[in-house]
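First comes the structure, then the notes that go with it.
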Amino acid sequence: MGMHKIKVLLIEDDPMVLEVNRQFIERVEGFQIIDTAKNGMEGLQKAKEQKPDLIILDIFMPEQDGIDTLKAVRAEQLDVDIIVITAANDKATIKTMLQNGALDYIVKPFQFERLQQALQHYYTYRNNFKGEGELEQQHIDALIPSLSSNIKIDNQQEINALPKGLNEQTLKQIVLFLIQQEGSVSAEETAGGIGIARVTARRYLDFLQKTGKVDMDIQYGGVGRPINRYIISDKSS
């Protein structure tokens, strides 16, 4: 509800793969495909015209491949982020794409959950760079995938055994979101901040509350059911 949609340009030459990727992306809350392109030249032109937030980019394409497309995007200084989805898994290509600013690199074939994780992490990443201000080191660490996999979610104690259906990356994103809030937040507010469904956010928040990582406050309004609100326990510690 009222959640900002991330505008996505999908650049992929294979029509079947393009359609699968489209369906996967549209299953993740907070993302909207605004256009597609079948090669890098077409994709670059559409990126200039439509100004997407995110490009999902293949590498093996006719006319202009993904490597040259990414370099062209950077040469044009377009304000857009890029996630690579490709069959190319050689070290030289991966290194080149990362050096030129790709935020994530997904090798085909892949499971929906891998793309979902990448997009959810990107939603948090994007929201943290809105407006002016500064970020603390723990927030920066949580936003960088290569580092965040080694970060303990509360900087004190790591949760080792997660219930079925919960994943560590989403848990870290929720904890990061809670750390950044000045007061308590509801499951709906958390869902909007992370880019996930409200019912999913509630499952993670309930788990964190049961394990003592967050405190829950029940607030009663004038009309309707009481609202559960959550805040990190001992945030300053």
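Note on naming: chains are A, B, ... as they come in the structure tokens, residues start from 1 per chain, ligands start from 1 in the order shown.
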Please provide as a PyMOL selection string all residues within 10 Å of segment 119-133 of chain A, with the sequence filter that same-chain residues fewer than 2 positions apart are discarded (counting only C-alpha atoms).
chain A and resi 4-6+25+28-31+53-54+81-83+103-104+113-117+135+139-140+142-145+169-170+172-174+176-177+180+192-196
Residues within 10 Å of Glu42 of chain A, please, as number ranges by chain. Count only C-alpha atoms; anything in the same chain fewer than 3 positions from it doesn't count.
A: 11, 36-39, 45-47, 63-64, 69
Write a file of the just-selected residues containing N, CA and C atoms, as an mmCIF file, in the first residue's frame.
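This is the output file out28.cif:
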data_model
loop_
_atom_site.group_PDB
_atom_site.id
_atom_site.type_symbol
_atom_site.label_atom_id
_atom_site.label_comp_id
_atom_site.auth_asym_id
_atom_site.auth_seq_id
_atom_site.Cartn_x
_atom_site.Cartn_y
_atom_site.Cartn_z
ATOM 1 N N ILE A 11 16.625 -6.416 -20.256
ATOM 2 C CA ILE A 11 17.337 -6.547 -21.529
ATOM 3 C C ILE A 11 17.770 -8.001 -21.703
ATOM 4 N N THR A 36 11.057 -3.717 -22.168
ATOM 5 C CA THR A 36 12.044 -4.766 -22.431
ATOM 6 C C THR A 36 12.819 -4.396 -23.696
ATOM 7 N N ALA A 37 13.985 -5.018 -23.856
ATOM 8 C CA ALA A 37 14.802 -4.811 -25.052
ATOM 9 C C ALA A 37 15.468 -6.123 -25.409
ATOM 10 N N LYS A 38 15.680 -6.342 -26.722
ATOM 11 C CA LYS A 38 16.213 -7.629 -27.184
ATOM 12 C C LYS A 38 17.709 -7.594 -27.453
ATOM 13 N N ASN A 39 18.339 -6.430 -27.300
ATOM 14 C CA ASN A 39 19.792 -6.347 -27.416
ATOM 15 C C ASN A 39 20.291 -5.114 -26.685
ATOM 16 N N GLN A 45 19.278 2.684 -25.483
ATOM 17 C CA GLN A 45 18.407 3.762 -25.934
ATOM 18 C C GLN A 45 17.184 3.895 -25.026
ATOM 19 N N LYS A 46 16.594 2.768 -24.672
ATOM 20 C CA LYS A 46 15.413 2.805 -23.803
ATOM 21 C C LYS A 46 15.777 3.271 -22.396
ATOM 22 N N ALA A 47 16.983 2.931 -21.955
ATOM 23 C CA ALA A 47 17.432 3.398 -20.641
ATOM 24 C C ALA A 47 17.550 4.922 -20.627
ATOM 25 N N GLU A 63 24.298 -7.657 -31.734
ATOM 26 C CA GLU A 63 24.513 -6.223 -31.962
ATOM 27 C C GLU A 63 25.374 -5.575 -30.879
ATOM 28 N N GLN A 64 24.981 -5.714 -29.632
ATOM 29 C CA GLN A 64 25.802 -5.186 -28.533
ATOM 30 C C GLN A 64 25.593 -6.059 -27.310
ATOM 31 N N THR A 69 27.313 -2.975 -23.164
ATOM 32 C CA THR A 69 26.146 -2.199 -22.737
ATOM 33 C C THR A 69 26.370 -1.585 -21.367
#
Neighbouring residues of Leu57 of chain A were defined as those with any atom within 9 Å, considering only C-alpha atoms; residues of the same chain fewer than 4 positions away were excluded. Please report them as a ChimeraX atom specification.
/A:9-12,40,43,66,69-70,82-86
So, counting only C-alpha atoms, which residue among A:Ile106, A:Ile59, A:Ala197, A:Val185 is closest to Met216 of chain A?
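Looking only at the distances to Met216 of chain A, the closest residue turns out to be A:Val185.
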I need the residue nearest Thr200 of chain A from this list: A:Glu26, A:Asp65, A:Asp13, A:Glu188. Use only C-alpha atoms for the distance.
A:Glu188
I'd like the interatomic distance between atom CA of Phe60 of chain A and atom CA of Val20 of chain A, to a tenth of an Å.
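If I compute the distance from atom CA of Phe60 of chain A to atom CA of Val20 of chain A, I get 16.9 Å.
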Spatial neighbours of Thr93 of chain A, 12 Å, only C-alpha atoms, chain gap at least 2 places, as a list in words:
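That gives Asp58, Ile59, Phe60, Asp65, Gly66, Ile67, Asp68, Leu70, Val84, Thr86, Ala87, Ala88, Asn89, Asp90, Lys91, Lys95, Thr96, Met97, Leu98, Gln99, Asn100, Ala102, Tyr105 and Val107 of chain A.
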Selection above as a file: N, CA, C and O atoms, as a short mmCIF file (atom, residue, chain, number, x, y, z; two decimals), in the first residue's frame:
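The new file again21.cif reads:
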data_model
loop_
_atom_site.label_atom_id
_atom_site.label_comp_id
_atom_site.auth_asym_id
_atom_site.auth_seq_id
_atom_site.Cartn_x
_atom_site.Cartn_y
_atom_site.Cartn_z
N ASP A 58 21.31 -9.22 -19.62
CA ASP A 58 21.97 -10.43 -20.12
C ASP A 58 23.32 -10.03 -20.71
O ASP A 58 23.59 -8.85 -20.94
N ILE A 59 24.20 -11.00 -20.95
CA ILE A 59 25.50 -10.70 -21.56
C ILE A 59 25.55 -11.13 -23.01
O ILE A 59 25.92 -10.36 -23.90
N PHE A 60 25.18 -12.39 -23.32
CA PHE A 60 25.26 -12.88 -24.70
C PHE A 60 24.06 -12.38 -25.50
O PHE A 60 22.97 -12.94 -25.42
N ASP A 65 26.66 -6.68 -26.82
CA ASP A 65 26.51 -7.60 -25.69
C ASP A 65 26.38 -6.83 -24.37
O ASP A 65 26.47 -5.60 -24.33
N GLY A 66 26.18 -7.59 -23.30
CA GLY A 66 25.97 -6.98 -22.00
C GLY A 66 27.18 -6.25 -21.45
O GLY A 66 27.05 -5.25 -20.73
N ILE A 67 28.38 -6.74 -21.78
CA ILE A 67 29.60 -6.08 -21.29
C ILE A 67 29.70 -4.68 -21.87
O ILE A 67 29.89 -3.69 -21.13
N ASP A 68 29.56 -4.57 -23.19
CA ASP A 68 29.64 -3.25 -23.83
C ASP A 68 28.46 -2.36 -23.41
O ASP A 68 28.61 -1.14 -23.30
N LEU A 70 26.90 -2.39 -20.44
CA LEU A 70 27.17 -1.87 -19.10
C LEU A 70 28.20 -0.74 -19.16
O LEU A 70 28.05 0.30 -18.51
N VAL A 84 22.96 -8.45 -13.23
CA VAL A 84 23.24 -9.29 -14.39
C VAL A 84 22.60 -10.67 -14.20
O VAL A 84 22.73 -11.28 -13.14
N THR A 86 22.74 -14.10 -16.52
CA THR A 86 23.41 -14.59 -17.72
C THR A 86 23.89 -16.03 -17.55
O THR A 86 23.98 -16.53 -16.43
N ALA A 87 24.21 -16.64 -18.68
CA ALA A 87 24.83 -17.97 -18.65
C ALA A 87 26.34 -17.89 -18.50
O ALA A 87 27.00 -18.90 -18.25
N ALA A 88 26.91 -16.70 -18.67
CA ALA A 88 28.36 -16.54 -18.59
C ALA A 88 28.83 -16.66 -17.14
O ALA A 88 28.42 -15.88 -16.29
N ASN A 89 29.68 -17.64 -16.90
CA ASN A 89 30.18 -17.83 -15.53
C ASN A 89 31.71 -17.87 -15.45
O ASN A 89 32.28 -18.36 -14.47
N ASP A 90 32.37 -17.35 -16.50
CA ASP A 90 33.83 -17.31 -16.45
C ASP A 90 34.29 -16.14 -15.59
O ASP A 90 33.63 -15.09 -15.53
N LYS A 91 35.42 -16.31 -14.93
CA LYS A 91 35.89 -15.32 -13.96
C LYS A 91 36.13 -13.95 -14.59
O LYS A 91 35.85 -12.92 -13.98
N LYS A 95 34.28 -10.62 -13.27
CA LYS A 95 35.11 -9.54 -12.73
C LYS A 95 34.86 -8.23 -13.47
O LYS A 95 34.72 -7.17 -12.84
N THR A 96 34.78 -8.31 -14.79
CA THR A 96 34.53 -7.11 -15.59
C THR A 96 33.20 -6.46 -15.24
O THR A 96 33.11 -5.23 -15.09
N MET A 97 32.16 -7.27 -15.12
CA MET A 97 30.83 -6.73 -14.81
C MET A 97 30.79 -6.10 -13.42
O MET A 97 30.21 -5.03 -13.23
N LEU A 98 31.41 -6.75 -12.46
CA LEU A 98 31.44 -6.20 -11.11
C LEU A 98 32.27 -4.93 -11.05
O LEU A 98 31.90 -3.96 -10.36
N GLN A 99 33.39 -4.91 -11.76
CA GLN A 99 34.24 -3.71 -11.76
C GLN A 99 33.53 -2.52 -12.39
O GLN A 99 33.82 -1.37 -12.05
N ASN A 100 32.60 -2.80 -13.30
CA ASN A 100 31.85 -1.73 -13.94
C ASN A 100 30.52 -1.42 -13.25
O ASN A 100 29.68 -0.72 -13.80
N ALA A 102 28.07 -3.61 -11.64
CA ALA A 102 26.92 -4.50 -11.46
C ALA A 102 26.75 -4.80 -9.96
O ALA A 102 27.72 -5.12 -9.28
N TYR A 105 25.10 -10.64 -9.58
CA TYR A 105 25.42 -11.45 -10.75
C TYR A 105 24.78 -12.82 -10.54
O TYR A 105 25.18 -13.57 -9.65
N VAL A 107 23.69 -16.49 -12.30
CA VAL A 107 24.02 -17.37 -13.41
C VAL A 107 22.81 -18.25 -13.75
O VAL A 107 22.20 -18.87 -12.87
#
Give the strand (DSSP E or B) residues of segment 8-93 of chain A, as assigned by DSSP on the backbone, as JSON, numbers by chain.
{"A": [8, 9, 10, 11, 31, 32, 33, 34, 35, 36, 37, 54, 55, 56, 57, 81, 82, 83, 84, 85, 86]}
DSSP on the backbone, alpha helix (DSSP H) only: what residues of segment 17-217 of chain A does that give? Format it as a PyMOL selection string.
chain A and resi 17-26+40-50+66-75+91-99+112-128+137-143+145-148+168-180+187-194+198-210
Rounded to one decimal place, report the atom CA of Arg229 of chain A-atom CA of Ala187 of chain A distance in Å.
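Distance reported for this atom pair: 7.1 Å.
Restricting the calculation to only C-alpha atoms, the smallest distance between Glu168 of chain A and any of A:Val17, A:Ile232, A:Val73, A:Leu208 is found for A:Leu208.
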